[in-house]
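What follows is one structure encoded as structure tokens, with my remarks underneath.
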Amino acid sequence: MRNYISDYEQFDRINAYDGTLGVVCDGETTVFRVWAPFCTAVTLRMYTGGEGDNLIQTLSMQRKECGVWQVELMHTCYGMYYTYQLEFEHRHLIETIDIYAKACGVNGERGYIPDFRALDPEGWDDIKRPVCENPVDAVIYECHVRDFSIDGSSGIPDEEWFKRGRFAGFTVEGTKCNGVTTCLDHLKELGITHVQLQPVNDYATVNEKKPFAGQYNWGYDPKNYMCLEGYYCSDPEDGDTRIREFKELVAALHKAGIGVILDVVFNHTYYTEDSAFHKTVPYYYHRLNHNGKFSNGSGCGNETASEHAMYRKYMLDALRFWVNEYHIDGFRFDLMGLHDISTMNMLRDEMDKIDPTLLMYGEGWTGGESPYPTDKLCFKWNSYDFGRIGLFNDNIRDGIKGGTFNLGDRGYVSGADHAFNAIKRGVSGNTRYKSLQGTADDLCWSFTPAQAINYCEAHDNHTLWDKLTISVPDAPEADRIEMDKLAAAIVLLSQGVPFIQLGQDFLRTKPAVLPEGVEPNNENIFDGNSYNAPDSVNKIRWERKAEHIDVFRYYKALIALRKSSQLFRMRQSEELDKHLYFHHCSDIVCYELVNDRECYFIALNNRREERFVKLPNGVFYRRLDEKGRPDYHRCSGTVQVPRLSCAVFKRLFD
Ligand code: CA
């Protein structure tokens, strides 16, 4: 295929289409519309199956305005599968799925036309989106659908085995392992407010027809952005099943008061020349280098061009679809640094029109070099230009546990003094907090606390527990557990939006599968990039929860404490200047949160010895000890903070 476009801006001015694309079925007629301005003819091909030799009809489409091709049928097409056959000059024919397909057959090869209303769970329209007034009220829990429940220890009964590792795994209540809750009940017990699902839209590299072939992927290999992944449903060959089962997941979480955030990977397409985007409009949806070749800002072979009108519209239409059809509560943008700022602000504005509490945040970096101007992209250093969209806070992450890409590097909890100021900045949400002027000023990027997504563990890189095992081999396990808990305290008691990975709350570990002949050592026994590793690496072993129930209870107590007071969830940067004070306490980070009604004093002792700190004036009690429990003995003046612990004191008001 050749590139027909010499000037993209001019091309968009003439050819961009702002009407509805895809299939619209109103119950009586069905209209198909595809934007394919370079085609000389387009044919709709209708099938009875998602694959195989079952073509039943072909229909010529008519060229309309802006290069849109359309055909209208005087009947409904529910249950049918379809593709487009695109003809380019010299009778070059290409068959492809519709990029606007809202459902698909097995392995995402053909679009599917569902009757969405017929797939709604009971009471769907009455199940309300959980209220989250401000992003700082959220506690986000990142989950991979398969990891969550694939193991027998999930407690999902054997007779319901087909729900394990699938959307349906989120709908089973009353599950236990060794006497403690698992799965959905675990989410409720922990107290998180939102589940962020690793990609659940259709991805490429897992063969949906072989669910038991030991395949695995995180899902950052997107194929169809408005379709669900078939690997996570009980019948990928039936176009309806994945939709019904995913809606049941959303319904189950919403009934439990938990919001659902989707991880969206708009930054690249898994296939490049063979992607439906390039097949439909060659060289339009991806960015190109000066030499006309695909640029690779994602590190995955290409990057999309959000600044092009029709990809911008595509992202917008996709988000609106997920929110309106599936009642999704927010989006996490993978490699958001590849999306242009104007587009992301437009998406934010559009989401505001639906519901301003819909969450939007992403990674403020890329996976390679983009040809697009860096001052126009959603890099973290441009944060003020998109202040209502959150950013993963890699500063607090690395400050807590040490640099991600240097395995031996230590952070605050593992005893690194150099991380002191990074932690102070993190506690203040990386905002322009006045009292810290002159202290790690380069770490001040957050427009409001809501922009900082605070974390120390996510699916990428080693788990916190594995990182501690590698980087602090001299510490006994009991000490490393205290370090883990201290890390959790920093994430959950800092200003901003806390984010935890599934299983982090019971010391998740990812034991590596070593190639034959490779000798295990302290570093290679853990997997730091398990995107396609087997279940043995990725799956949640729920028995760990009972084994480390103290750690779980501590995380749970931190979440409850965070929810109990607005002081942990300040919304405006100016509030910090009035209500947050750092104290000079020997060699550890201590701070006070105070308003007219409440006062907390928090000491983060990262030393392997106890420390003595001076409380502010007044009488206090220990609101949270190292077990996550309150101790109601009154105290004042100088108090002891046990080694490797976070002590939270609360002032007693008369
Ligand atoms: Ca797939």
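Identifiers for the structure tokens are assigned positionally: chains receive A, B, ... in sequence, residues are indexed from 1 per chain, and ligands are indexed from 1 in the order shown.
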Please return as a PDB file with N, CA and C atoms, in the first residue's frame the residues found within 9 Å of ligand 1, counting only C-alpha atoms and all ligand atoms.
```
ATOM      1  N   VAL A 106     -14.647 -15.179  17.370  1.00  0.00           N
ATOM      2  CA  VAL A 106     -13.461 -15.744  17.997  1.00  0.00           C
ATOM      3  C   VAL A 106     -12.190 -15.132  17.395  1.00  0.00           C
ATOM      4  N   ASN A 107     -11.273 -14.780  18.258  1.00  0.00           N
ATOM      5  CA  ASN A 107      -9.984 -14.179  17.891  1.00  0.00           C
ATOM      6  C   ASN A 107     -10.104 -12.858  17.133  1.00  0.00           C
ATOM      7  N   GLY A 108     -11.246 -12.218  17.242  1.00  0.00           N
ATOM      8  CA  GLY A 108     -11.388 -10.863  16.718  1.00  0.00           C
ATOM      9  C   GLY A 108     -11.174 -10.720  15.230  1.00  0.00           C
ATOM     10  N   ASN A 201     -10.032  -5.479  26.575  1.00  0.00           N
ATOM     11  CA  ASN A 201     -10.462  -5.405  25.176  1.00  0.00           C
ATOM     12  C   ASN A 201      -9.706  -6.476  24.392  1.00  0.00           C
ATOM     13  N   ASP A 202     -10.217  -6.818  23.221  1.00  0.00           N
ATOM     14  CA  ASP A 202      -9.664  -7.930  22.441  1.00  0.00           C
ATOM     15  C   ASP A 202      -8.191  -7.712  22.136  1.00  0.00           C
ATOM     16  N   TYR A 203      -7.362  -8.661  22.548  1.00  0.00           N
ATOM     17  CA  TYR A 203      -5.939  -8.579  22.228  1.00  0.00           C
ATOM     18  C   TYR A 203      -5.505  -9.772  21.379  1.00  0.00           C
ATOM     19  N   ALA A 204      -4.282  -9.687  20.860  1.00  0.00           N
ATOM     20  CA  ALA A 204      -3.937 -10.517  19.714  1.00  0.00           C
ATOM     21  C   ALA A 204      -3.288 -11.863  20.029  1.00  0.00           C
ATOM     22  N   THR A 205      -2.430 -11.935  21.013  1.00  0.00           N
ATOM     23  CA  THR A 205      -1.469 -13.042  21.020  1.00  0.00           C
ATOM     24  C   THR A 205      -1.923 -14.315  21.717  1.00  0.00           C
ATOM     25  N   VAL A 206      -3.099 -14.305  22.273  1.00  0.00           N
ATOM     26  CA  VAL A 206      -3.601 -15.538  22.876  1.00  0.00           C
ATOM     27  C   VAL A 206      -4.665 -16.114  21.940  1.00  0.00           C
ATOM     28  N   ASN A 207      -4.546 -17.383  21.625  1.00  0.00           N
ATOM     29  CA  ASN A 207      -5.544 -18.028  20.777  1.00  0.00           C
ATOM     30  C   ASN A 207      -6.752 -18.399  21.617  1.00  0.00           C
ATOM     31  N   GLU A 208      -7.850 -17.691  21.370  1.00  0.00           N
ATOM     32  CA  GLU A 208      -9.044 -17.879  22.202  1.00  0.00           C
ATOM     33  C   GLU A 208      -9.642 -19.275  22.057  1.00  0.00           C
ATOM     34  N   GLY A 219      -2.061  -8.481  27.982  1.00  0.00           N
ATOM     35  CA  GLY A 219      -3.063  -7.867  27.107  1.00  0.00           C
ATOM     36  C   GLY A 219      -2.674  -6.521  26.519  1.00  0.00           C
ATOM     37  N   PRO A 222      -3.025  -4.848  21.701  1.00  0.00           N
ATOM     38  CA  PRO A 222      -4.425  -4.614  21.322  1.00  0.00           C
ATOM     39  C   PRO A 222      -4.736  -4.912  19.865  1.00  0.00           C
ATOM     40  N   LYS A 223      -5.911  -5.485  19.665  1.00  0.00           N
ATOM     41  CA  LYS A 223      -6.366  -5.801  18.323  1.00  0.00           C
ATOM     42  C   LYS A 223      -7.657  -5.037  18.025  1.00  0.00           C
ATOM     43  N   ASN A 224      -8.705  -5.269  18.811  1.00  0.00           N
ATOM     44  CA  ASN A 224      -9.975  -4.553  18.622  1.00  0.00           C
ATOM     45  C   ASN A 224     -10.322  -3.793  19.901  1.00  0.00           C
ATOM     46  N   CYS A 227     -14.045  -4.144  21.402  1.00  0.00           N
ATOM     47  CA  CYS A 227     -14.525  -5.518  21.632  1.00  0.00           C
ATOM     48  C   CYS A 227     -13.866  -6.077  22.883  1.00  0.00           C
ATOM     49  N   LEU A 228     -14.530  -7.037  23.494  1.00  0.00           N
ATOM     50  CA  LEU A 228     -13.966  -7.690  24.674  1.00  0.00           C
ATOM     51  C   LEU A 228     -13.087  -8.864  24.279  1.00  0.00           C
ATOM     52  N   GLU A 229     -12.145  -9.180  25.136  1.00  0.00           N
ATOM     53  CA  GLU A 229     -11.262 -10.322  24.916  1.00  0.00           C
ATOM     54  C   GLU A 229     -12.032 -11.628  25.153  1.00  0.00           C
ATOM     55  N   GLY A 230     -11.901 -12.545  24.198  1.00  0.00           N
ATOM     56  CA  GLY A 230     -12.635 -13.803  24.292  1.00  0.00           C
ATOM     57  C   GLY A 230     -12.030 -14.816  25.242  1.00  0.00           C
ATOM     58  N   TYR A 231     -10.744 -14.641  25.558  1.00  0.00           N
ATOM     59  CA  TYR A 231     -10.052 -15.586  26.436  1.00  0.00           C
ATOM     60  C   TYR A 231     -10.664 -15.605  27.831  1.00  0.00           C
ATOM     61  N   PRO A 236     -15.798 -18.289  23.651  1.00  0.00           N
ATOM     62  CA  PRO A 236     -15.316 -17.229  22.756  1.00  0.00           C
ATOM     63  C   PRO A 236     -15.870 -17.338  21.342  1.00  0.00           C
TER      64      PRO A 236
END
```
Find the residues near region 409-425 of chain A: any atom within 8 Å, counting only C-alpha atoms, skip ones fewer than 4 places away on the same chain, and give them as a PyMOL selection string.
chain A and resi 395-396+398-404+429-431+436+439-440+443-444+468+471-472+483-484+486-487+490+588-589+606-607+644
State, in Å with one decimal place, the distance from CA of Val641 (chain A) to CA of Phe582 (chain A).
16.4 Å
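Backbone DSSP over region 306-553 of chain A yields strand (DSSP E or B) at Gly330, Phe331, Arg332, Phe333, Asp340, Leu359, Met360, Tyr361, Gly362, Leu377, Gly390, Leu391, Phe392, Asn393, Thr431, Ser446, Ala452, Ile453, Asn454, Val497, Pro498, Phe499, Ile500, Gln501, Pro511 and Phe526 of chain A.
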Who sits within 6 Å of Phe620 (chain A), only C-alpha atoms, same chain under 3 positions skipped, as an mmCIF file with all heavy atoms, in the first residue's frame:
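Done, and the output landed in around-v1.cif:
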```
data_model
loop_
_atom_site.group_PDB
_atom_site.id
_atom_site.type_symbol
_atom_site.label_atom_id
_atom_site.label_comp_id
_atom_site.auth_asym_id
_atom_site.auth_seq_id
_atom_site.Cartn_x
_atom_site.Cartn_y
_atom_site.Cartn_z
ATOM 1 N N ARG A 634 -3.125 7.265 76.605
ATOM 2 C CA ARG A 634 -2.817 8.657 76.280
ATOM 3 C C ARG A 634 -1.315 8.882 76.264
ATOM 4 O O ARG A 634 -0.576 8.282 77.041
ATOM 5 C CB ARG A 634 -3.449 9.580 77.324
ATOM 6 C CG ARG A 634 -4.940 9.582 77.203
ATOM 7 C CD ARG A 634 -5.607 10.312 78.343
ATOM 8 N NE ARG A 634 -7.026 10.389 78.032
ATOM 9 C CZ ARG A 634 -7.741 11.515 78.089
ATOM 10 N NH1 ARG A 634 -7.187 12.637 78.468
ATOM 11 N NH2 ARG A 634 -9.007 11.512 77.757
ATOM 12 N N CYS A 635 -0.877 9.740 75.369
ATOM 13 C CA CYS A 635 0.547 10.066 75.346
ATOM 14 C C CYS A 635 0.730 11.515 74.922
ATOM 15 O O CYS A 635 -0.131 12.104 74.271
ATOM 16 C CB CYS A 635 1.324 9.117 74.442
ATOM 17 S SG CYS A 635 0.677 8.993 72.769
ATOM 18 N N SER A 636 1.867 12.075 75.297
ATOM 19 C CA SER A 636 2.191 13.440 74.889
ATOM 20 C C SER A 636 3.698 13.611 75.009
ATOM 21 O O SER A 636 4.398 12.748 75.547
ATOM 22 C CB SER A 636 1.460 14.465 75.767
ATOM 23 O OG SER A 636 1.797 14.248 77.113
ATOM 24 N N LYS A 650 -3.095 10.260 66.972
ATOM 25 C CA LYS A 650 -4.222 11.161 66.758
ATOM 26 C C LYS A 650 -4.473 11.956 68.031
ATOM 27 O O LYS A 650 -4.493 11.381 69.127
ATOM 28 C CB LYS A 650 -5.481 10.373 66.373
ATOM 29 C CG LYS A 650 -6.635 11.289 65.989
ATOM 30 C CD LYS A 650 -7.846 10.527 65.480
ATOM 31 C CE LYS A 650 -8.915 11.546 65.061
ATOM 32 N NZ LYS A 650 -10.174 10.884 64.721
ATOM 33 N N ARG A 651 -4.644 13.257 67.855
ATOM 34 C CA ARG A 651 -4.840 14.106 69.026
ATOM 35 C C ARG A 651 -6.245 13.925 69.579
ATOM 36 O O ARG A 651 -7.204 13.777 68.826
ATOM 37 C CB ARG A 651 -4.626 15.567 68.638
ATOM 38 C CG ARG A 651 -4.514 16.477 69.832
ATOM 39 C CD ARG A 651 -3.928 17.813 69.415
ATOM 40 N NE ARG A 651 -4.542 18.891 70.155
ATOM 41 C CZ ARG A 651 -4.534 20.157 69.782
ATOM 42 N NH1 ARG A 651 -3.962 20.499 68.639
ATOM 43 N NH2 ARG A 651 -5.092 21.061 70.517
ATOM 44 N N LEU A 652 -6.315 13.908 70.914
ATOM 45 C CA LEU A 652 -7.614 13.848 71.574
ATOM 46 C C LEU A 652 -8.093 15.268 71.780
ATOM 47 O O LEU A 652 -7.415 16.077 72.423
ATOM 48 C CB LEU A 652 -7.485 13.141 72.926
ATOM 49 C CG LEU A 652 -7.222 11.635 72.860
ATOM 50 C CD1 LEU A 652 -6.680 11.143 74.192
ATOM 51 C CD2 LEU A 652 -8.510 10.906 72.499
#
```
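Of the listed residues A:Arg397, A:Arg643, A:His584, A:Arg332, the one whose atoms come nearest to Leu615 (chain A) is A:His584, with distances taken using only C-alpha atoms.
Atom pair CA of Ser446 (chain A) / CA of Ser383 (chain A): separated by 6.6 Å.
Rounded to one decimal, CA of Ile99 (chain A) and CA of Gly67 (chain A) lie 15.4 Å from each other.
Residue nearest Tyr17 (chain A) within the list A:Phe379, A:Phe148, A:Tyr433, A:Tyr311: A:Tyr311 [criterion: smallest interatomic distance, only C-alpha atoms].
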Can you pull out every residue within 9 Å of Ile470 (chain A), counting only C-alpha atoms, but drop anything in the same chain fewer than 5 positions away, and send it as number ranges by chain?
A: 407-408, 465, 522-523, 526
Report as an mmCIF file with N, CA and C atoms, in the first residue's frame all protein, DNA and RNA residues lying within 12 Å of region 46-58 of chain A, evaluated on only C-alpha atoms, omitting residues in the same chain fewer than 3 positions from it.
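File written: selection.cif
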```
data_model
loop_
_atom_site.group_PDB
_atom_site.id
_atom_site.type_symbol
_atom_site.label_atom_id
_atom_site.label_comp_id
_atom_site.auth_asym_id
_atom_site.auth_seq_id
_atom_site.Cartn_x
_atom_site.Cartn_y
_atom_site.Cartn_z
ATOM 1 N N PHE A 32 -24.657 0.366 8.261
ATOM 2 C CA PHE A 32 -23.210 0.161 8.383
ATOM 3 C C PHE A 32 -22.514 1.374 7.780
ATOM 4 N N VAL A 42 -16.318 -0.505 -1.661
ATOM 5 C CA VAL A 42 -16.349 -1.221 -0.378
ATOM 6 C C VAL A 42 -17.556 -2.151 -0.386
ATOM 7 N N THR A 43 -17.337 -3.374 0.054
ATOM 8 C CA THR A 43 -18.403 -4.374 0.094
ATOM 9 C C THR A 43 -18.567 -4.887 1.520
ATOM 10 N N MET A 61 -21.446 -1.136 -0.853
ATOM 11 C CA MET A 61 -21.721 0.050 -0.045
ATOM 12 C C MET A 61 -21.577 1.283 -0.932
ATOM 13 N N VAL A 71 -24.177 1.376 3.921
ATOM 14 C CA VAL A 71 -25.262 0.551 3.394
ATOM 15 C C VAL A 71 -26.309 0.401 4.491
ATOM 16 N N LEU A 73 -29.765 -1.673 5.757
ATOM 17 C CA LEU A 73 -30.618 -2.852 5.573
ATOM 18 C C LEU A 73 -31.928 -2.633 6.315
ATOM 19 N N CYS A 77 -29.917 -7.139 12.265
ATOM 20 C CA CYS A 77 -28.877 -8.126 11.912
ATOM 21 C C CYS A 77 -28.300 -8.763 13.162
ATOM 22 N N TYR A 78 -29.080 -8.777 14.234
ATOM 23 C CA TYR A 78 -28.564 -9.347 15.481
ATOM 24 C C TYR A 78 -28.086 -10.776 15.248
ATOM 25 N N GLY A 79 -26.932 -11.073 15.842
ATOM 26 C CA GLY A 79 -26.412 -12.428 15.740
ATOM 27 C C GLY A 79 -25.568 -12.681 14.508
ATOM 28 N N MET A 80 -25.426 -11.670 13.633
ATOM 29 C CA MET A 80 -24.631 -11.848 12.418
ATOM 30 C C MET A 80 -23.190 -11.369 12.634
ATOM 31 N N TYR A 81 -22.296 -11.944 11.863
ATOM 32 C CA TYR A 81 -20.891 -11.528 11.855
ATOM 33 C C TYR A 81 -20.633 -10.812 10.533
ATOM 34 N N TYR A 82 -19.647 -9.915 10.499
ATOM 35 C CA TYR A 82 -19.424 -9.158 9.266
ATOM 36 C C TYR A 82 -17.985 -8.680 9.137
ATOM 37 N N THR A 83 -17.606 -8.413 7.897
ATOM 38 C CA THR A 83 -16.320 -7.765 7.593
ATOM 39 C C THR A 83 -16.564 -6.794 6.442
ATOM 40 N N TYR A 84 -15.541 -6.026 6.143
ATOM 41 C CA TYR A 84 -15.580 -5.183 4.953
ATOM 42 C C TYR A 84 -14.539 -5.679 3.964
ATOM 43 N N GLN A 85 -14.919 -5.685 2.702
ATOM 44 C CA GLN A 85 -13.918 -5.921 1.654
ATOM 45 C C GLN A 85 -13.638 -4.575 0.998
ATOM 46 N N GLU A 95 -9.653 -7.692 2.913
ATOM 47 C CA GLU A 95 -10.790 -7.923 3.805
ATOM 48 C C GLU A 95 -10.366 -7.654 5.242
ATOM 49 N N ILE A 97 -11.764 -6.650 9.537
ATOM 50 C CA ILE A 97 -12.791 -6.336 10.537
ATOM 51 C C ILE A 97 -12.967 -4.825 10.590
ATOM 52 N N ALA A 103 -18.352 -5.618 18.861
ATOM 53 C CA ALA A 103 -18.300 -6.999 19.338
ATOM 54 C C ALA A 103 -17.657 -7.792 18.213
ATOM 55 N N CYS A 104 -17.164 -8.983 18.543
ATOM 56 C CA CYS A 104 -16.471 -9.747 17.504
ATOM 57 C C CYS A 104 -16.620 -11.233 17.756
ATOM 58 N N GLY A 105 -16.232 -11.980 16.745
ATOM 59 C CA GLY A 105 -16.207 -13.425 16.858
ATOM 60 C C GLY A 105 -14.875 -13.881 17.429
ATOM 61 N N VAL A 106 -14.647 -15.179 17.370
ATOM 62 C CA VAL A 106 -13.461 -15.744 17.997
ATOM 63 C C VAL A 106 -12.190 -15.132 17.395
ATOM 64 N N ASN A 107 -11.273 -14.780 18.258
ATOM 65 C CA ASN A 107 -9.984 -14.179 17.891
ATOM 66 C C ASN A 107 -10.104 -12.858 17.133
ATOM 67 N N GLY A 108 -11.246 -12.218 17.242
ATOM 68 C CA GLY A 108 -11.388 -10.863 16.718
ATOM 69 C C GLY A 108 -11.174 -10.720 15.230
ATOM 70 N N GLU A 109 -11.574 -11.725 14.456
ATOM 71 C CA GLU A 109 -11.369 -11.663 13.008
ATOM 72 C C GLU A 109 -12.558 -11.028 12.281
ATOM 73 N N ARG A 110 -13.735 -11.169 12.834
ATOM 74 C CA ARG A 110 -14.931 -10.596 12.217
ATOM 75 C C ARG A 110 -15.728 -9.822 13.261
ATOM 76 N N GLY A 111 -16.383 -8.750 12.815
ATOM 77 C CA GLY A 111 -17.266 -8.026 13.714
ATOM 78 C C GLY A 111 -18.507 -8.846 14.011
ATOM 79 N N TYR A 112 -19.194 -8.491 15.071
ATOM 80 C CA TYR A 112 -20.406 -9.197 15.463
ATOM 81 C C TYR A 112 -21.445 -8.156 15.848
ATOM 82 N N ILE A 113 -22.709 -8.469 15.569
ATOM 83 C CA ILE A 113 -23.777 -7.505 15.855
ATOM 84 C C ILE A 113 -24.676 -8.055 16.953
ATOM 85 N N GLU A 208 -7.850 -17.691 21.370
ATOM 86 C CA GLU A 208 -9.044 -17.879 22.202
ATOM 87 C C GLU A 208 -9.642 -19.275 22.057
ATOM 88 N N LYS A 209 -9.280 -19.931 20.970
ATOM 89 C CA LYS A 209 -9.857 -21.270 20.748
ATOM 90 C C LYS A 209 -9.183 -22.336 21.600
ATOM 91 N N GLY A 230 -11.901 -12.545 24.198
ATOM 92 C CA GLY A 230 -12.635 -13.803 24.292
ATOM 93 C C GLY A 230 -12.030 -14.816 25.242
ATOM 94 N N PRO A 236 -15.798 -18.289 23.651
ATOM 95 C CA PRO A 236 -15.316 -17.229 22.756
ATOM 96 C C PRO A 236 -15.870 -17.338 21.342
ATOM 97 N N GLU A 237 -16.431 -18.482 20.993
ATOM 98 C CA GLU A 237 -16.957 -18.654 19.633
ATOM 99 C C GLU A 237 -18.350 -18.056 19.488
ATOM 100 N N ASP A 238 -18.950 -17.714 20.611
ATOM 101 C CA ASP A 238 -20.272 -17.093 20.570
ATOM 102 C C ASP A 238 -20.115 -15.606 20.894
ATOM 103 N N GLY A 239 -20.520 -14.758 19.954
ATOM 104 C CA GLY A 239 -20.300 -13.316 20.099
ATOM 105 C C GLY A 239 -20.949 -12.690 21.319
ATOM 106 N N ASP A 240 -22.024 -13.303 21.811
ATOM 107 C CA ASP A 240 -22.749 -12.729 22.949
ATOM 108 C C ASP A 240 -22.082 -12.988 24.295
#
```
Can you tell me, as a PyMOL selection string, what residues are no more than 10 Å from Val613 (chain A) when counting only C-alpha atoms, ignoring any on the same chain fewer than 2 positions away?
chain A and resi 583-588+590+603+610-611+615-616+637-641
Just to be explicit: take each residue in the selection above, keep N, CA and C atoms, and write the result as an mmCIF file, in the first residue's frame.
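And here's again.cif as it stands now:
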```cif
data_model
loop_
_atom_site.group_PDB
_atom_site.id
_atom_site.type_symbol
_atom_site.label_atom_id
_atom_site.label_comp_id
_atom_site.auth_asym_id
_atom_site.auth_seq_id
_atom_site.Cartn_x
_atom_site.Cartn_y
_atom_site.Cartn_z
ATOM 1 N N HIS A 583 7.800 17.889 60.451
ATOM 2 C CA HIS A 583 8.508 18.192 61.699
ATOM 3 C C HIS A 583 9.941 17.708 61.588
ATOM 4 N N HIS A 584 10.813 18.366 62.300
ATOM 5 C CA HIS A 584 12.206 17.914 62.345
ATOM 6 C C HIS A 584 12.314 16.877 63.443
ATOM 7 N N CYS A 585 12.394 15.614 63.058
ATOM 8 C CA CYS A 585 12.436 14.534 64.041
ATOM 9 C C CYS A 585 13.643 13.668 63.743
ATOM 10 N N SER A 586 14.686 13.858 64.443
ATOM 11 C CA SER A 586 15.929 13.107 64.242
ATOM 12 C C SER A 586 16.136 12.863 62.750
ATOM 13 N N ASP A 587 16.198 11.611 62.338
ATOM 14 C CA ASP A 587 16.590 11.346 60.952
ATOM 15 C C ASP A 587 15.499 10.601 60.181
ATOM 16 N N ILE A 588 14.250 10.778 60.596
ATOM 17 C CA ILE A 588 13.159 10.119 59.875
ATOM 18 C C ILE A 588 12.117 11.162 59.451
ATOM 19 N N CYS A 590 8.667 12.858 59.474
ATOM 20 C CA CYS A 590 7.510 12.983 60.359
ATOM 21 C C CYS A 590 6.655 14.137 59.883
ATOM 22 N N ALA A 603 4.780 9.301 61.927
ATOM 23 C CA ALA A 603 6.237 9.123 61.907
ATOM 24 C C ALA A 603 6.570 7.898 61.077
ATOM 25 N N GLU A 610 14.673 1.777 67.048
ATOM 26 C CA GLU A 610 13.567 2.654 67.431
ATOM 27 C C GLU A 610 14.018 4.112 67.371
ATOM 28 N N ARG A 611 13.060 5.006 67.273
ATOM 29 C CA ARG A 611 13.334 6.436 67.298
ATOM 30 C C ARG A 611 12.379 7.091 68.298
ATOM 31 N N LEU A 615 5.881 14.867 69.918
ATOM 32 C CA LEU A 615 4.554 15.155 69.374
ATOM 33 C C LEU A 615 4.277 16.649 69.431
ATOM 34 N N PRO A 616 3.389 17.144 68.594
ATOM 35 C CA PRO A 616 2.942 18.530 68.753
ATOM 36 C C PRO A 616 2.241 18.677 70.107
ATOM 37 N N GLY A 637 4.180 14.718 74.474
ATOM 38 C CA GLY A 637 5.623 14.969 74.537
ATOM 39 C C GLY A 637 6.382 14.026 73.631
ATOM 40 N N THR A 638 7.451 13.431 74.193
ATOM 41 C CA THR A 638 8.294 12.565 73.373
ATOM 42 C C THR A 638 7.793 11.122 73.435
ATOM 43 N N VAL A 639 7.614 10.527 72.281
ATOM 44 C CA VAL A 639 7.097 9.151 72.224
ATOM 45 C C VAL A 639 8.037 8.268 71.396
ATOM 46 N N GLN A 640 7.914 6.979 71.658
ATOM 47 C CA GLN A 640 8.768 6.025 70.963
ATOM 48 C C GLN A 640 8.091 5.564 69.670
ATOM 49 N N VAL A 641 8.883 5.432 68.612
ATOM 50 C CA VAL A 641 8.384 4.854 67.363
ATOM 51 C C VAL A 641 9.202 3.591 67.095
#
```
Would you list, as a PyMOL selection string, the residues of region 242-368 of chain A that end up in alpha helix (DSSP H) under DSSP run on this structure's backbone?
chain A and resi 242-255+276-280+309-326+341-354
Find the residue from A:Asp235, A:Glu543, A:Asp355, A:Glu65 that sits nearest to Val180 (chain A); use only C-alpha atoms when measuring.
A:Glu543
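Neighbours of region 213-218 of chain A closer than or equal to 9 Å, with only C-alpha atoms counted and sequence neighbours fewer than 2 positions away skipped, come out as His144, Arg146, Gln198, Pro199, Tyr203, Thr205, Val206, Asn207, Lys210, Pro211, Tyr220, Asp221, His459, Ser530, Tyr531, Asn532, Ala533, Pro534 and Asp535 of chain A.
Closest approach to Gly503 (chain A) among A:Leu44, A:Val518, A:Val427, A:Ile540: A:Ile540, based on only C-alpha atoms.
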